[in-house]
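See below for the structure under consideration.
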Amino acid sequence: MKILVLNSGSSSVKFQVIETDLERMKAHQDETLAVGQVEKIGLSDSRLVLQVPERHPYQDYREILEHRAAIEWVLRVLVDDEHGILSSTDEIGAVGHRVVHGGEEFASSVLMTPDVVSKIEACTVLAPLHNPANLRGYYAAHAILSDVPHVAVFDTAYHQTMPAHAFLYGIPFQFYTKHHLRRYGFHGTSHRFVSYRASQILGWERSDKRYITCHLGNGCSVAAIDRGRSIDTSMGFTPLEGLLMGTRSGDLDPAIIPWLIAMEEMTLHQVNTMLNKHSGLYGVSGVSSDMREVLAARSENHKRADVAFRIFSYRVRKYIGAYAAAMGGVDAVVFTGGIGEHSPEVREWALDGLSFMGLELDAAENARVRGKEAEITTPESAVKALVVPTNEEWVIARDVVRVLNDIMPSFTPPETVT
Amino acid sequence: MSWELHHVSIVGAGMMGRSIATKVAQQGINVCLKEISMERAQECRETLETTLDHQIARFNITQAEKKAILSRISWVTQFDCAAECDLAIETVQEDFELKREIVQELDRRMPPGHPIVINTSTLSITEIAAASQNPGRVLGMHFLYPVTTTRVVEVVRGQLTKDTAYERAVEFARLLDKVPIKVFEMPGFVTTRVVLPLVNEAMHVVMEGVATAADVDLALKLGFDFRTGPLEWSDRVGLDRVLNWIQHMFQETGEARFRPCPLLKRLVRAGLLGTKTGRGFFTYDVNRRRLDRLPDDRPGLA
């Protein structure tokens, strides 16, 4: 079945067409037929890019003012005689939507019935920037492709298996009951995919091993996957918690916020923007939010670029140590995301000194691996480390198949607290 | 007839015009900003860039947002783009004849029913509207500076304003993520009318030697949870502007509570206009940071 996967942001729609079904999934023969995006929605020079394997990328510009026009454009290009890959939109059997926040409502991917959509609307208060954009994409796609099933795949669902001692904050309990203020975690589809893929590569049963997955991209998070279940992850109520990121601060003493408001006479908006958009690699190094540029500056003895790199890598190491302790050990550490896949320097620093727990890095192999599946520990290493490129769109397409065949596993919470 | 807001025309790229244009562009709406000459437009564009850089330094926006804002603003010297705009705002100086002329120019070009917004805190919207062919689409919006962060806008209904135009302006305010306060035309609307007697009284207290300017501000800040005291607020607005407003209110209403405090007049005559000249009731550096804050004038952390 051909599945249209949509990842709708406020001013962009990323899409893929993936051919998959139960047989293909079993044989690991999912096939990506097309990848593309529409950028700058709302402007007069919106751009559409379409990449089809073995073909030159195609691009076009026009005025696209809202999501529906963007998705209509995508479909028109997909069925185009010259650039397209489909003979008609009827070939699309289902649509999978990435939805950032499913709150405590959704512990697995679901068919988007009117009831489900209104529950996703209700989660908007938890993700005011992301969920509305995701839903705009859904409404637009549903208006055009109304005869096929639409499935929502949540960033948060996979982490719903966290126990209460991992997801609750140490603040008065009333805020949890009143506002659902708790840790949710994000990048769930990615952590799920790379831990699964790592077990395949290693030839292990997933259900008896412990993984620490490090998704290091634009946003960064680490997850502890204990025998197939996420038991902790570094992002919390929002994607601001945890690791240092491109422009996000990650963990900090919350007392800093009122202190800055007082001393620097900052408004809440300014503090929020500062922590989300002016911090991280960019804020510390003053060079860039892009790890490649930070590394380039570091190699020219730029002191603050060096310390930004070290904060970044050190925090990954700290979380690996913490999650090994949380699971009573670890069998494999997995790196993914732009930085995780392409930066041997970060991986080396993050794994440095972990031989005490049985992880022996193969430095030469690590230095070689960029953007492909590989083991980066020595054959003798008791704990394995791997690089596994993530593929969230595959997970979304496969979840569509699972939901339609009614075999979608639910990541049910182990307990509820009231 | 359906009406959607995609293009806004702003006439006048002064402080208020630029600030409104910035906010409109930030919300993803395209703006046409008209000035009298390309030279003047270029100057205004450079000033806007400096303002945006300042916003970045204060963590209000990012480099990428600055680029996006600038990319949505086009600078023009003719009224042509009014023909394609869904709403127009004039922000030129408080000059009745000039505003009347601009409203006529806009009215001639804009599709029927698209609102024409007058930005004034002193002139009569009804009077300006009455001089145009379609007075029903003319109304006022009183934005408070800086438009990018102030959450409120007064949407002013003149005697001849029709409901459709008025409701479209209210919708526009919501698109700007602002809370519209609906008011009828009356001198000072709500904000100006209520705040001026307060600042005038604060100035009287200082003039009478009851307390120092710093203590007056501090008392009101700490006592009533004001973010800024009335005197520093006046310095930041510009004492000349405050004086203009209050004189106007006095003329319009004849009420003694709007008689300008002599100390305010004296400061304006001395050229001590507030943050823009570095001195008013208080002293400021070039970045408009206050230099003479009392030790107690800080939010406590206790």
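Chain labels A, B, ... are given in the sequence in which chains occur in the structure tokens; within each chain residues are numbered consecutively from 1, and ligands are likewise numbered from 1 in the order shown.
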
Quiz item: Excluding same-chain residues fewer than 3 positions from B:Val24, what lies within 9 Å of it counting only C-alpha atoms, as a list of chain:residue names?
Solution: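 Near B:Val24, the qualifying residues are B:Val8, B:Ser19, B:Ile20, B:Ala21, B:Gln27, B:Gly28, B:Ile29, B:Asn30, B:Val31, B:Ile69, B:Arg72, B:Thr148, B:Leu175, B:Leu176.
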
Please check the contacts: residues of chain A at most 9 Å away from chain B, using only C-alpha atoms, listed as a PDB file with N, CA, C and O atoms, in the first residue's frame.
ATOM      1  N   GLY A  42       2.343  30.695   3.325  1.00  0.00           N
ATOM      2  CA  GLY A  42       1.900  32.004   3.807  1.00  0.00           C
ATOM      3  C   GLY A  42       2.609  33.129   3.088  1.00  0.00           C
ATOM      4  O   GLY A  42       2.292  34.297   3.274  1.00  0.00           O
ATOM      5  N   LEU A  43       3.581  32.792   2.257  1.00  0.00           N
ATOM      6  CA  LEU A  43       4.320  33.823   1.521  1.00  0.00           C
ATOM      7  C   LEU A  43       4.085  33.669   0.026  1.00  0.00           C
ATOM      8  O   LEU A  43       3.546  32.670  -0.442  1.00  0.00           O
ATOM      9  N   SER A  44       4.534  34.672  -0.705  1.00  0.00           N
ATOM     10  CA  SER A  44       4.280  34.659  -2.144  1.00  0.00           C
ATOM     11  C   SER A  44       5.290  33.786  -2.887  1.00  0.00           C
ATOM     12  O   SER A  44       5.082  33.431  -4.031  1.00  0.00           O
ATOM     13  N   LEU A  65      -0.804  30.181   0.389  1.00  0.00           N
ATOM     14  CA  LEU A  65      -1.150  30.946   1.580  1.00  0.00           C
ATOM     15  C   LEU A  65      -1.570  30.082   2.765  1.00  0.00           C
ATOM     16  O   LEU A  65      -1.534  30.531   3.895  1.00  0.00           O
ATOM     17  N   PRO A 258      13.521  33.306  37.664  1.00  0.00           N
ATOM     18  CA  PRO A 258      13.121  34.520  38.395  1.00  0.00           C
ATOM     19  C   PRO A 258      14.300  35.464  38.664  1.00  0.00           C
ATOM     20  O   PRO A 258      14.121  36.681  38.693  1.00  0.00           O
ATOM     21  N   TRP A 259      15.470  34.902  38.827  1.00  0.00           N
ATOM     22  CA  TRP A 259      16.642  35.737  39.080  1.00  0.00           C
ATOM     23  C   TRP A 259      16.909  36.659  37.891  1.00  0.00           C
ATOM     24  O   TRP A 259      17.144  37.856  38.056  1.00  0.00           O
ATOM     25  N   ILE A 261      14.731  37.545  35.579  1.00  0.00           N
ATOM     26  CA  ILE A 261      13.614  38.472  35.435  1.00  0.00           C
ATOM     27  C   ILE A 261      13.845  39.684  36.339  1.00  0.00           C
ATOM     28  O   ILE A 261      13.619  40.826  35.945  1.00  0.00           O
ATOM     29  N   ALA A 262      14.372  39.421  37.534  1.00  0.00           N
ATOM     30  CA  ALA A 262      14.636  40.512  38.463  1.00  0.00           C
ATOM     31  C   ALA A 262      15.857  41.325  38.049  1.00  0.00           C
ATOM     32  O   ALA A 262      15.786  42.544  37.917  1.00  0.00           O
ATOM     33  N   MET A 263      16.972  40.666  37.835  1.00  0.00           N
ATOM     34  CA  MET A 263      18.239  41.371  37.642  1.00  0.00           C
ATOM     35  C   MET A 263      18.366  42.019  36.272  1.00  0.00           C
ATOM     36  O   MET A 263      18.961  43.068  36.124  1.00  0.00           O
ATOM     37  N   GLU A 265      15.725  42.663  34.326  1.00  0.00           N
ATOM     38  CA  GLU A 265      14.417  43.234  33.986  1.00  0.00           C
ATOM     39  C   GLU A 265      13.869  42.628  32.701  1.00  0.00           C
ATOM     40  O   GLU A 265      13.435  43.325  31.781  1.00  0.00           O
ATOM     41  N   MET A 266      13.937  41.297  32.622  1.00  0.00           N
ATOM     42  CA  MET A 266      13.431  40.622  31.429  1.00  0.00           C
ATOM     43  C   MET A 266      11.966  40.257  31.618  1.00  0.00           C
ATOM     44  O   MET A 266      11.518  40.037  32.733  1.00  0.00           O
ATOM     45  N   HIS A 269       8.351  36.567  28.140  1.00  0.00           N
ATOM     46  CA  HIS A 269       8.586  36.291  26.725  1.00  0.00           C
ATOM     47  C   HIS A 269      10.083  36.287  26.415  1.00  0.00           C
ATOM     48  O   HIS A 269      10.581  35.401  25.714  1.00  0.00           O
ATOM     49  N   GLN A 270      10.791  37.263  26.948  1.00  0.00           N
ATOM     50  CA  GLN A 270      12.227  37.340  26.678  1.00  0.00           C
ATOM     51  C   GLN A 270      12.968  36.136  27.265  1.00  0.00           C
ATOM     52  O   GLN A 270      13.847  35.567  26.614  1.00  0.00           O
ATOM     53  N   VAL A 271      12.607  35.746  28.482  1.00  0.00           N
ATOM     54  CA  VAL A 271      13.276  34.595  29.102  1.00  0.00           C
ATOM     55  C   VAL A 271      12.995  33.332  28.285  1.00  0.00           C
ATOM     56  O   VAL A 271      13.892  32.537  28.001  1.00  0.00           O
ATOM     57  N   ASN A 272      11.744  33.187  27.880  1.00  0.00           N
ATOM     58  CA  ASN A 272      11.353  32.013  27.113  1.00  0.00           C
ATOM     59  C   ASN A 272      12.118  31.946  25.783  1.00  0.00           C
ATOM     60  O   ASN A 272      12.654  30.897  25.407  1.00  0.00           O
ATOM     61  N   THR A 273      12.164  33.073  25.074  1.00  0.00           N
ATOM     62  CA  THR A 273      12.898  33.113  23.809  1.00  0.00           C
ATOM     63  C   THR A 273      14.381  32.870  24.044  1.00  0.00           C
ATOM     64  O   THR A 273      15.035  32.157  23.280  1.00  0.00           O
ATOM     65  N   MET A 274      14.913  33.466  25.102  1.00  0.00           N
ATOM     66  CA  MET A 274      16.329  33.304  25.412  1.00  0.00           C
ATOM     67  C   MET A 274      16.669  31.817  25.621  1.00  0.00           C
ATOM     68  O   MET A 274      17.646  31.308  25.069  1.00  0.00           O
ATOM     69  N   LYS A 277      15.755  29.873  22.026  1.00  0.00           N
ATOM     70  CA  LYS A 277      16.297  30.273  20.728  1.00  0.00           C
ATOM     71  C   LYS A 277      17.652  30.957  20.776  1.00  0.00           C
ATOM     72  O   LYS A 277      18.281  31.151  19.740  1.00  0.00           O
ATOM     73  N   HIS A 278      18.082  31.392  21.960  1.00  0.00           N
ATOM     74  CA  HIS A 278      19.365  32.093  22.025  1.00  0.00           C
ATOM     75  C   HIS A 278      20.381  31.331  22.877  1.00  0.00           C
ATOM     76  O   HIS A 278      21.431  31.873  23.195  1.00  0.00           O
TER      77      HIS A 278
END

Exercise. Just list the residues in stretch 11-249 of chain B DSSP gives strand (DSSP E or B) on the backbone, as a PyMOL selection string.
Key: chain B and resi 11+30-34+73-76+87-90+116-118+138-143+152-157+179-184

Quiz item: What lies within 12 Å of A:Leu354 using only C-alpha atoms, ignoring chain neighbours under 4 positions off, as number ranges by chain?
Solution: A: 317-318, 320-321, 324, 330, 333, 347-350, 358-361, 377, 381-385

Go ahead and save the picked residues with all heavy atoms, as a short mmCIF file (atom, residue, chain, number, x, y, z; two decimals), in the first residue's frame.
data_model
loop_
_atom_site.label_atom_id
_atom_site.label_comp_id
_atom_site.auth_asym_id
_atom_site.auth_seq_id
_atom_site.Cartn_x
_atom_site.Cartn_y
_atom_site.Cartn_z
N ARG A 317 27.10 12.08 28.04
CA ARG A 317 27.76 11.05 28.86
C ARG A 317 27.07 10.90 30.21
O ARG A 317 26.84 9.80 30.71
CB ARG A 317 29.23 11.43 29.07
CG ARG A 317 30.07 10.28 29.61
CD ARG A 317 31.40 10.77 30.16
NE ARG A 317 32.13 11.58 29.18
CZ ARG A 317 33.19 12.34 29.49
NH1 ARG A 317 33.63 12.40 30.74
NH2 ARG A 317 33.79 13.05 28.56
N LYS A 318 26.71 12.06 30.82
CA LYS A 318 26.05 12.03 32.13
C LYS A 318 24.73 11.27 32.06
O LYS A 318 24.40 10.48 32.94
CB LYS A 318 25.77 13.47 32.58
CG LYS A 318 26.45 13.79 33.87
CD LYS A 318 26.39 15.24 34.33
CE LYS A 318 25.17 16.06 34.11
NZ LYS A 318 25.23 17.32 34.91
N ILE A 320 23.93 8.98 29.84
CA ILE A 320 24.20 7.55 29.61
C ILE A 320 24.48 6.87 30.95
O ILE A 320 23.91 5.81 31.26
CB ILE A 320 25.38 7.36 28.63
CG1 ILE A 320 24.99 7.84 27.23
CG2 ILE A 320 25.82 5.89 28.60
CD1 ILE A 320 26.14 7.88 26.23
N GLY A 321 25.30 7.52 31.77
CA GLY A 321 25.61 6.96 33.09
C GLY A 321 24.36 6.83 33.93
O GLY A 321 24.11 5.80 34.57
N ALA A 324 22.10 4.03 32.59
CA ALA A 324 22.66 2.70 32.88
C ALA A 324 22.32 2.33 34.32
O ALA A 324 21.89 1.21 34.61
CB ALA A 324 24.17 2.70 32.65
N VAL A 330 23.46 -1.68 30.98
CA VAL A 330 23.05 -1.36 29.62
C VAL A 330 23.72 -2.34 28.67
O VAL A 330 24.85 -2.78 28.91
CB VAL A 330 23.39 0.11 29.27
CG1 VAL A 330 24.87 0.42 29.47
CG2 VAL A 330 22.98 0.45 27.83
N VAL A 333 24.39 1.17 23.40
CA VAL A 333 24.15 2.61 23.31
C VAL A 333 24.01 2.93 21.82
O VAL A 333 24.85 2.52 21.02
CB VAL A 333 25.32 3.41 23.92
CG1 VAL A 333 25.08 4.91 23.77
CG2 VAL A 333 25.52 3.02 25.38
N ARG A 347 30.51 11.56 19.66
CA ARG A 347 30.36 10.17 20.14
C ARG A 347 31.55 9.77 20.99
O ARG A 347 31.40 9.14 22.05
CB ARG A 347 30.21 9.22 18.95
CG ARG A 347 28.94 9.44 18.14
CD ARG A 347 28.69 8.32 17.14
NE ARG A 347 29.76 8.14 16.17
CZ ARG A 347 29.66 8.45 14.88
NH1 ARG A 347 28.53 8.97 14.39
NH2 ARG A 347 30.68 8.24 14.07
N GLU A 348 32.76 10.16 20.55
CA GLU A 348 33.96 9.78 21.29
C GLU A 348 33.95 10.41 22.68
O GLU A 348 34.21 9.75 23.68
CB GLU A 348 35.20 10.22 20.51
CG GLU A 348 36.48 9.73 21.16
CD GLU A 348 37.73 10.11 20.36
OE1 GLU A 348 37.59 10.53 19.19
OE2 GLU A 348 38.82 10.00 20.94
N TRP A 349 33.61 11.72 22.73
CA TRP A 349 33.56 12.41 24.02
C TRP A 349 32.48 11.84 24.91
O TRP A 349 32.67 11.66 26.11
CB TRP A 349 33.30 13.89 23.78
CG TRP A 349 34.48 14.73 24.12
CD1 TRP A 349 35.58 14.92 23.36
CD2 TRP A 349 34.66 15.45 25.33
NE1 TRP A 349 36.45 15.73 24.02
CE2 TRP A 349 35.91 16.09 25.24
CE3 TRP A 349 33.89 15.65 26.49
CZ2 TRP A 349 36.41 16.90 26.26
CZ3 TRP A 349 34.39 16.45 27.49
CH2 TRP A 349 35.64 17.06 27.38
N ALA A 350 31.33 11.54 24.33
CA ALA A 350 30.19 11.04 25.11
C ALA A 350 30.50 9.67 25.70
O ALA A 350 30.03 9.33 26.78
CB ALA A 350 28.94 10.99 24.25
N GLY A 358 32.18 -1.53 30.86
CA GLY A 358 32.27 -2.56 29.82
C GLY A 358 32.10 -2.07 28.41
O GLY A 358 31.88 -2.86 27.49
N LEU A 359 32.21 -0.74 28.20
CA LEU A 359 32.06 -0.22 26.85
C LEU A 359 33.43 0.20 26.32
O LEU A 359 34.06 1.10 26.85
CB LEU A 359 31.09 0.97 26.84
CG LEU A 359 30.64 1.44 25.45
CD1 LEU A 359 29.24 2.04 25.53
CD2 LEU A 359 31.59 2.45 24.83
N GLU A 360 33.91 -0.53 25.28
CA GLU A 360 35.24 -0.25 24.70
C GLU A 360 35.04 0.30 23.30
O GLU A 360 34.68 -0.43 22.37
CB GLU A 360 36.07 -1.54 24.63
CG GLU A 360 36.27 -2.25 25.97
CD GLU A 360 37.26 -1.53 26.89
OE1 GLU A 360 37.93 -0.57 26.42
OE2 GLU A 360 37.34 -1.91 28.07
N LEU A 361 35.29 1.60 23.15
CA LEU A 361 35.10 2.24 21.85
C LEU A 361 36.19 1.79 20.88
O LEU A 361 37.36 1.69 21.24
CB LEU A 361 35.15 3.77 22.02
CG LEU A 361 34.85 4.58 20.77
CD1 LEU A 361 33.37 4.51 20.41
CD2 LEU A 361 35.26 6.05 20.97
N THR A 377 31.98 -0.10 18.67
CA THR A 377 32.75 -0.65 19.78
C THR A 377 33.58 -1.83 19.27
O THR A 377 33.32 -2.36 18.18
CB THR A 377 31.82 -1.12 20.93
OG1 THR A 377 30.61 -1.64 20.35
CG2 THR A 377 31.46 0.01 21.85
N SER A 381 33.99 -5.73 23.30
CA SER A 381 33.24 -4.84 24.19
C SER A 381 31.95 -5.52 24.67
O SER A 381 31.16 -6.01 23.88
CB SER A 381 32.90 -3.56 23.44
OG SER A 381 32.22 -2.67 24.30
N ALA A 382 31.76 -5.54 26.01
CA ALA A 382 30.57 -6.18 26.57
C ALA A 382 29.33 -5.35 26.27
O ALA A 382 28.25 -5.88 26.04
CB ALA A 382 30.73 -6.35 28.08
N VAL A 383 29.49 -4.03 26.28
CA VAL A 383 28.39 -3.13 25.92
C VAL A 383 28.66 -2.62 24.52
O VAL A 383 29.76 -2.18 24.21
CB VAL A 383 28.32 -1.94 26.91
CG1 VAL A 383 27.21 -0.97 26.50
CG2 VAL A 383 28.09 -2.44 28.33
N LYS A 384 27.67 -2.72 23.66
CA LYS A 384 27.84 -2.30 22.27
C LYS A 384 27.46 -0.83 22.10
O LYS A 384 26.58 -0.33 22.80
CB LYS A 384 26.94 -3.13 21.35
CG LYS A 384 27.19 -4.62 21.42
CD LYS A 384 28.55 -4.95 20.87
CE LYS A 384 28.83 -6.45 20.94
NZ LYS A 384 30.27 -6.73 20.80
N ALA A 385 28.12 -0.18 21.19
CA ALA A 385 27.67 1.16 20.76
C ALA A 385 27.49 1.13 19.25
O ALA A 385 28.30 0.53 18.53
CB ALA A 385 28.68 2.22 21.17
#

Practice problem: Extract, using only C-alpha atoms, all DNA, RNA and protein residues at most 9 Å from stretch 211-228 of chain A, discarding same-chain residues fewer than 4 positions from it, and format them as a PyMOL selection string. | Solution: chain A and resi 159+185-188+190-192+194-196+198+205-207+232-235+239-248+250+289-290+316+319-320+323-324+326-327+330-341+390

Self-check item: Distance of atom CA of A:Ser118 from atom CA of A:Gly96, expressed in Å to one decimal place
Solution: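 Calculated distance between atom CA of A:Gly96 and atom CA of A:Ser118 is 17.2 Å.
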
Practice problem: Could you jot down the atom CA of A:Val388 to atom CA of A:Arg368 separation for me, Å, one decimal place? | Solution: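 Separation between atom CA of A:Val388 and atom CA of A:Arg368: 14.1 Å.
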
Quiz prompt | Which of stretch 113-164 of chain B DSSP labels helix (DSSP H, G or I), written as a list of chain:residue names | solution = B:Ile125, B:Thr126, B:Glu127, B:Ile128, B:Ala129, B:Ala130, B:Pro135, B:Gly136, B:Arg137, B:Asp163, B:Thr164

Quiz item: Suppose you want the space between atom CA of A:Thr418 and atom CA of A:Ala164; what is it in Å?
Solution: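 Computed distance, atom CA of A:Thr418 to atom CA of A:Ala164, equals 10.6 Å.
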
Quiz item: Quick one: residues within 12 Å of B:Glu201, only C-alpha atoms counted, chain neighbours fewer than 2 positions away excluded, as a list in words?
Solution: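 Here the answer would be Val194, Val195, Leu196, Pro197, Leu198, Val199, Met203, His204, Val205, Val206, Met207, Glu208, Val210, Ala213, Val216, Asp217, Pro230, Leu231, Ile246, Ala256, Arg257, Phe258, Arg259, Pro260, Cys261, Pro262, Leu263 and Leu264 of chain B.
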
Practice problem: May I ask which of the residues B:Asn244, B:Thr253, B:Thr50, B:Ser234 is the closest one to B:Arg18, counting only C-alpha atoms? | Solution: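 Ranked by minimum distance to B:Arg18, first place goes to B:Thr50.
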
Practice problem: Please provide the set of residues having any atom within 7 Å of B:Ala13, restricted to only C-alpha atoms, with same-chain residues fewer than 6 positions apart removed, written as a ChimeraX atom specification. | Solution: /B:33-35,44

Practice problem: Fewer than 6 positions away in the same chain doesn't count, so skip those; otherwise give me all residues within 10 Å of stretch 131-148 of chain A, counting only C-alpha atoms, as a PyMOL selection string. | Solution: chain A and resi 4+6-13+66-72+75+89-90+92-102+112+117+120-125

Quiz item: Counting only C-alpha atoms, which of A:Ala34, A:Val5, A:Ala166, A:Ala364 gets nearest to A:Arg55?
Solution: A:Ala34
